[in-house]
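Chemist: Sharing final.tsv (TSV, C-alpha atoms) below.
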```
chain	number	residue	atom	x	y	z
A	1	MET	CA	-32.03	-24.24	19.90
A	2	ALA	CA	-33.20	-21.31	17.84
A	3	ASP	CA	-32.00	-21.20	14.25
A	4	LEU	CA	-30.19	-17.88	14.12
A	5	SER	CA	-28.57	-18.37	10.75
A	6	SER	CA	-29.12	-15.74	8.10
A	7	PRO	CA	-31.24	-16.55	5.02
A	8	GLN	CA	-29.26	-17.31	1.87
A	9	ALA	CA	-29.10	-14.70	-0.85
A	10	PRO	CA	-30.59	-15.58	-4.26
A	11	GLY	CA	-28.21	-17.18	-6.72
A	12	SER	CA	-26.92	-20.45	-8.01
A	13	THR	CA	-27.11	-22.92	-5.13
A	14	THR	CA	-25.04	-25.48	-7.02
A	15	ALA	CA	-22.29	-23.01	-7.80
A	16	ARG	CA	-22.21	-21.72	-4.24
A	17	THR	CA	-22.10	-25.27	-2.85
A	18	ALA	CA	-19.25	-26.28	-5.13
A	19	GLY	CA	-17.34	-23.10	-4.39
A	20	GLY	CA	-17.90	-23.54	-0.66
A	21	ALA	CA	-16.68	-27.15	-0.77
A	22	LYS	CA	-13.51	-26.13	-2.60
A	23	SER	CA	-12.91	-23.29	-0.15
A	24	LEU	CA	-13.45	-25.63	2.84
A	25	LEU	CA	-11.05	-28.21	1.38
A	26	ALA	CA	-8.39	-25.56	0.76
A	27	SER	CA	-8.86	-24.24	4.32
A	28	GLU	CA	-8.49	-27.75	5.78
A	29	GLN	CA	-5.32	-28.37	3.77
A	30	ILE	CA	-3.84	-25.07	4.94
A	31	GLY	CA	-4.83	-25.93	8.50
A	32	GLU	CA	-3.12	-29.32	8.30
A	33	LYS	CA	0.08	-27.70	7.03
A	34	ILE	CA	0.04	-25.12	9.81
A	35	LEU	CA	-0.64	-27.83	12.39
A	36	ALA	CA	2.22	-29.99	11.12
A	37	ARG	CA	4.60	-27.03	11.31
A	38	ALA	CA	3.43	-26.14	14.82
A	39	GLN	CA	3.95	-29.73	15.94
A	40	SER	CA	7.51	-29.46	14.64
A	41	GLY	CA	8.14	-26.43	16.85
A	42	ASP	CA	7.39	-23.61	14.39
A	43	HIS	CA	6.40	-20.68	16.64
A	44	GLN	CA	4.92	-18.68	13.77
A	45	ALA	CA	2.63	-21.60	12.88
A	46	PHE	CA	1.54	-21.88	16.51
A	47	ALA	CA	0.74	-18.16	16.51
A	48	GLN	CA	-1.48	-18.77	13.48
A	49	ILE	CA	-3.30	-21.57	15.30
A	50	TYR	CA	-3.77	-19.24	18.27
A	51	SER	CA	-5.25	-16.56	16.01
A	52	LEU	CA	-7.57	-19.07	14.35
A	53	HIS	CA	-8.96	-20.58	17.55
A	54	LYS	CA	-8.61	-18.01	20.35
A	55	ARG	CA	-12.06	-16.44	19.94
A	56	ARG	CA	-13.92	-19.75	20.07
A	57	ILE	CA	-11.90	-20.96	23.05
A	58	TYR	CA	-12.49	-17.67	24.87
A	59	SER	CA	-16.23	-17.92	24.13
A	60	LEU	CA	-16.30	-21.46	25.51
A	61	CYS	CA	-14.47	-20.42	28.69
A	62	LEU	CA	-16.71	-17.40	29.13
A	63	ARG	CA	-19.88	-19.47	28.78
A	64	MET	CA	-18.60	-21.91	31.39
A	65	VAL	CA	-17.44	-19.38	34.02
A	66	SER	CA	-19.47	-16.21	33.17
A	67	ASN	CA	-16.52	-13.98	34.09
A	68	PRO	CA	-14.62	-12.16	31.30
A	69	ALA	CA	-11.36	-11.71	33.23
A	70	GLU	CA	-11.34	-15.33	34.37
A	71	ALA	CA	-12.20	-16.47	30.85
A	72	GLU	CA	-9.19	-14.54	29.51
A	73	ASP	CA	-6.90	-16.24	32.04
A	74	LEU	CA	-8.34	-19.66	31.23
A	75	THR	CA	-7.92	-19.07	27.50
A	76	GLN	CA	-4.24	-18.32	28.04
A	77	GLU	CA	-3.90	-21.46	30.15
A	78	VAL	CA	-5.51	-23.54	27.40
A	79	PHE	CA	-3.00	-22.32	24.83
A	80	LEU	CA	-0.11	-22.83	27.23
A	81	GLN	CA	-1.22	-26.43	27.59
A	82	LEU	CA	-1.69	-26.68	23.84
A	83	HIS	CA	1.87	-25.47	23.31
A	84	ARG	CA	3.13	-28.24	25.59
A	85	LYS	CA	0.89	-30.98	24.18
A	86	ILE	CA	0.37	-30.14	20.50
A	87	ALA	CA	2.91	-32.77	19.42
A	88	THR	CA	0.70	-35.46	21.02
A	89	PHE	CA	-2.22	-34.75	18.65
A	90	ARG	CA	-2.58	-37.81	16.41
A	91	GLY	CA	-5.60	-36.88	14.32
A	92	ASP	CA	-8.06	-39.37	15.85
A	93	SER	CA	-10.60	-36.52	15.88
A	94	ALA	CA	-10.77	-33.06	14.36
A	95	PHE	CA	-8.14	-30.74	15.83
A	96	SER	CA	-10.83	-28.25	16.90
A	97	THR	CA	-12.65	-31.02	18.79
A	98	TRP	CA	-9.43	-32.08	20.51
A	99	LEU	CA	-8.65	-28.48	21.45
A	100	HIS	CA	-12.15	-27.87	22.80
A	101	ARG	CA	-11.95	-30.95	25.00
A	102	MET	CA	-8.64	-29.68	26.31
A	103	ALA	CA	-10.29	-26.33	27.07
A	104	VAL	CA	-13.18	-28.02	28.89
A	105	ASN	CA	-10.72	-29.96	31.05
A	106	VAL	CA	-8.77	-26.78	31.86
A	107	VAL	CA	-11.95	-25.00	32.96
A	108	LEU	CA	-13.14	-27.99	35.01
A	109	MET	CA	-9.77	-28.19	36.75
A	110	GLN	CA	-10.04	-24.51	37.66
A	111	LEU	CA	-13.60	-24.92	38.90
A	112	ARG	CA	-12.52	-27.78	41.14
A	113	LYS	CA	-9.71	-25.64	42.55
A	114	LYS	CA	-12.28	-22.96	43.35
A	115	GLY	CA	-14.34	-25.51	45.25
A	116	LEU	CA	-17.26	-26.13	42.90
A	117	GLN	CA	-18.53	-29.49	44.13
A	118	LEU	CA	-19.01	-31.22	40.82
A	119	ILE	CA	-18.96	-34.64	42.47
A	120	SER	CA	-22.01	-33.91	44.63
A	121	LEU	CA	-24.24	-32.54	41.88
A	122	ASP	CA	-27.20	-34.65	43.02
A	123	GLU	CA	-27.34	-32.84	46.35
A	124	ALA	CA	-25.75	-29.46	45.68
A	125	MET	CA	-27.71	-28.62	42.55
A	126	GLU	CA	-31.23	-29.53	43.68
A	127	PRO	CA	-33.22	-26.27	43.63
A	128	ALA	CA	-35.21	-25.22	46.64
A	129	PRO	CA	-38.98	-25.78	46.29
A	130	ASP	CA	-39.65	-22.10	45.55
A	131	GLU	CA	-36.86	-22.09	42.94
A	132	ALA	CA	-38.08	-25.12	41.03
A	133	PRO	CA	-38.72	-24.48	37.33
A	134	LYS	CA	-42.39	-23.88	36.63
A	135	ARG	CA	-44.13	-25.66	33.78
A	136	SER	CA	-46.41	-23.50	31.69
A	137	PHE	CA	-48.26	-25.95	29.50
A	138	GLY	CA	-50.17	-23.36	27.52
A	139	ALA	CA	-47.19	-21.13	26.75
A	140	PRO	CA	-45.16	-21.49	23.54
A	141	ASP	CA	-41.70	-23.05	23.77
A	142	LEU	CA	-39.57	-20.08	22.78
A	143	ILE	CA	-36.39	-22.12	22.40
A	144	LEU	CA	-37.94	-24.62	20.00
A	145	SER	CA	-39.97	-22.04	18.09
A	146	GLY	CA	-36.95	-19.88	17.37
A	147	ALA	CA	-38.68	-16.82	18.84
A	148	ILE	CA	-35.59	-15.66	20.73
A	149	ASP	CA	-32.44	-13.85	19.81
A	150	ARG	CA	-28.91	-14.95	20.56
A	151	LEU	CA	-28.27	-12.25	23.17
A	152	ALA	CA	-31.38	-13.19	25.14
A	153	LEU	CA	-30.34	-16.83	25.14
A	154	GLU	CA	-26.78	-16.02	26.20
A	155	ARG	CA	-28.07	-13.85	29.07
A	156	ALA	CA	-30.39	-16.61	30.24
A	157	VAL	CA	-27.60	-19.22	30.09
A	158	ALA	CA	-25.23	-16.93	32.02
A	159	GLU	CA	-27.81	-16.58	34.80
A	160	LEU	CA	-28.22	-20.33	35.31
A	161	PRO	CA	-26.73	-21.79	38.52
A	162	ALA	CA	-23.14	-22.89	37.87
A	163	GLY	CA	-23.88	-26.62	37.83
A	164	TYR	CA	-26.88	-26.33	35.51
A	165	ARG	CA	-24.97	-24.00	33.19
A	166	LEU	CA	-22.00	-26.34	33.01
A	167	ILE	CA	-24.00	-29.39	31.96
A	168	PHE	CA	-26.16	-27.37	29.55
A	169	ILE	CA	-23.08	-25.98	27.81
A	170	LEU	CA	-21.30	-29.32	27.67
A	171	HIS	CA	-24.31	-31.12	26.21
A	172	ASP	CA	-26.34	-28.61	24.19
A	173	VAL	CA	-23.56	-26.27	23.07
A	174	GLU	CA	-20.40	-28.37	22.89
A	175	GLY	CA	-22.07	-31.64	21.92
A	176	PHE	CA	-20.77	-33.94	24.66
A	177	GLU	CA	-22.77	-37.14	25.27
A	178	HIS	CA	-24.17	-37.85	28.72
A	179	ASN	CA	-21.68	-40.67	29.32
A	180	GLU	CA	-18.84	-38.26	28.50
A	181	ILE	CA	-20.24	-35.61	30.84
A	182	ALA	CA	-20.63	-38.19	33.59
A	183	SER	CA	-16.96	-39.12	33.17
A	184	LEU	CA	-15.81	-35.50	33.09
A	185	LEU	CA	-17.81	-34.47	36.15
A	186	ASN	CA	-17.57	-37.74	38.04
A	187	CYS	CA	-21.36	-38.05	38.31
A	188	SER	CA	-23.94	-40.53	37.07
A	189	ILE	CA	-25.39	-40.51	33.56
A	190	GLY	CA	-28.87	-40.22	35.09
A	191	ASN	CA	-27.77	-37.18	37.07
A	192	SER	CA	-26.39	-35.53	33.94
A	193	LYS	CA	-29.71	-36.06	32.16
A	194	SER	CA	-31.68	-34.80	35.15
A	195	GLN	CA	-29.64	-31.63	35.53
A	196	LEU	CA	-29.83	-30.92	31.79
A	197	HIS	CA	-33.62	-31.25	31.93
A	198	LYS	CA	-33.80	-28.82	34.86
A	199	ALA	CA	-31.45	-26.40	33.11
A	200	ARG	CA	-33.68	-26.38	30.02
A	201	LEU	CA	-36.78	-25.76	32.15
A	202	ARG	CA	-35.10	-22.81	33.85
A	203	LEU	CA	-34.01	-21.42	30.50
A	204	ARG	CA	-37.55	-21.62	29.15
A	205	ASP	CA	-38.94	-19.85	32.22
A	206	ALA	CA	-36.26	-17.15	31.98
A	207	LEU	CA	-36.85	-16.60	28.26
A	208	ARG	CA	-40.62	-16.39	28.68
A	209	THR	CA	-40.14	-13.85	31.46
A	210	GLN	CA	-37.83	-11.78	29.25
A	211	SER	CA	-40.32	-12.00	26.39
A	212	ARG	CA	-43.21	-10.81	28.57
A	213	GLN	CA	-41.14	-7.91	29.96
A	214	GLU	CA	-40.16	-6.76	26.47
A	215	ALA	CA	-43.78	-6.94	25.31
A	216	GLN	CA	-44.97	-4.59	28.08
```
Can you dump the structure from the file as structure tokens?
Modeler:
Amino acid sequence: MADLSSPQAPGSTTARTAGGAKSLLASEQIGEKILARAQSGDHQAFAQIYSLHKRRIYSLCLRMVSNPAEAEDLTQEVFLQLHRKIATFRGDSAFSTWLHRMAVNVVLMQLRKKGLQLISLDEAMEPAPDEAPKRSFGAPDLILSGAIDRLALERAVAELPAGYRLIFILHDVEGFEHNEIASLLNCSIGNSKSQLHKARLRLRDALRTQSRQEAQ
């Protein structure tokens, strides 16, 4: 993906690194204290966790469903589930990772209720011949070159077919492995890889089209 991070300002790299490490450690310690209090039933601590994580969870839900109102509802459902299950967190992974997996499961459950046929991805997600991604061997790869902005990428992802978008987000954005995606979506590992490949091709086509239109 494109590196959209800002360049670092001049200064003492060593001092900044040390200061950043101390700040991160202090933040983690505060987070652990808040988490422990929330697990003990402290409503104020849970409200702090909600404030810390709600934006990222909403962004995840929005990327998966591409509907702001539905993403808001799903975010609330995630935190309702978190309130019920927070005492079961044992620290086997980072809390944010655990919460994100919970959010993914909430969204997938909702998509299944709406009738998205995740089980039949092999058949349902095959594009028609005239919709197949087109290879352009002489064109630059805008994703890999970093020649795109975040908004353009987000627009292109939002316009992907639901199945493509889901696997792209799970793998390339949220960091799930193909075996994990296969388990979540009840599909084969090979199918997950195939759909991710097709999603990336569609993204590249969409981004090149956007780039050409802006250049005109």
Chemist: Identify, on the basis of all atoms listed in the file, every residue whose closest approach to Val78 in chain A does not exceed 12 Å; exclude the query and any residue fewer than 6 positions from it along the same chain; express the result as a list in words.
Modeler: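 Here the answer would be Tyr50, His53, Lys54, Arg56, Ile57, Tyr58, Leu60, Cys61, Ala71, Glu72, Arg84, Lys85, Ile86, Trp98, Leu99, His100, Arg101, Met102, Ala103, Val104, Asn105, Val106, Val107, Leu108, Met109 and Gln110 of chain A.
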Chemist: To one decimal in Å, tell me the separation between CA of Phe95 in chain A and CA of Ala38 in chain A.
Modeler: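 According to the coordinates, CA of Phe95 in chain A and CA of Ala38 in chain A are separated by 12.5 Å.
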Chemist: I'd like the interatomic distance between CA of Leu35 in chain A and CA of Gln76 in chain A, to a tenth of an Å.
Modeler: 18.7 Å
Chemist: With only C-alpha atoms as the atoms that count, which of A:Gly175, A:Lys33, A:Ala156, A:Ser183 lies nearest to Arg204 in chain A?
Modeler: A:Ala156
Chemist: Within 10 Å of Gly190 in chain A, counting all atoms listed in the file, which residues show up once you throw out same-chain ones fewer than 5 positions away? Write them as a VMD selection string, please.
Modeler: chain A and resid 122 178 to 179 182 195 to 196
Chemist: Can I get the selected residues back with C-alpha atoms, as a PDB file, in the frame of the given file?
Modeler:
```
ATOM      1  CA  ASP A 122     -27.200 -34.650  43.020  1.00  0.00           C
ATOM      2  CA  HIS A 178     -24.170 -37.850  28.720  1.00  0.00           C
ATOM      3  CA  ASN A 179     -21.680 -40.670  29.320  1.00  0.00           C
ATOM      4  CA  ALA A 182     -20.630 -38.190  33.590  1.00  0.00           C
ATOM      5  CA  GLN A 195     -29.640 -31.630  35.530  1.00  0.00           C
ATOM      6  CA  LEU A 196     -29.830 -30.920  31.790  1.00  0.00           C
TER       7      LEU A 196
END
```
Chemist: To one decimal in Å, tell me the separation between CA of Ala206 in chain A and CA of Leu166 in chain A.
Modeler: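 Separation of CA of Ala206 in chain A and CA of Leu166 in chain A: 17.0 Å.
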Chemist: So, with all atoms listed in the file as the atoms that count, which of A:Pro68, A:Gly31, A:Pro161, A:Gly91 lies closest to Phe46 in chain A?
Modeler: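 Among A:Pro68, A:Gly31, A:Pro161, A:Gly91, it is A:Gly31 that comes nearest to Phe46 in chain A.
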Chemist: Considering only C-alpha atoms, can you say which of A:Ser96, A:Ser194, A:Thr75, A:Gln39 comes closest to Phe168 in chain A?
Modeler: A:Ser194
Chemist: Counting all atoms listed in the file, figure out which residue out of A:Met64, A:Ala47, A:Asp172, A:Glu180 gets nearest to Leu80 in chain A.
Modeler: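 Smallest separation from Leu80 in chain A among the options: A:Ala47.
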Chemist: Nearest to Leu62 in chain A: which of A:Arg200, A:Lys193, A:Arg155, A:Arg112 is it, counting all atoms listed in the file?
Modeler: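 When distances to Leu62 in chain A are compared using all atoms listed in the file, the smallest one comes from A:Arg155.
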Chemist: Under the rule that all atoms listed in the file are counted, which of A:Ile167, A:Phe79, A:Ala162, A:Arg212 is the nearest residue to Leu111 in chain A?
Modeler: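 Closest candidate: A:Ala162.
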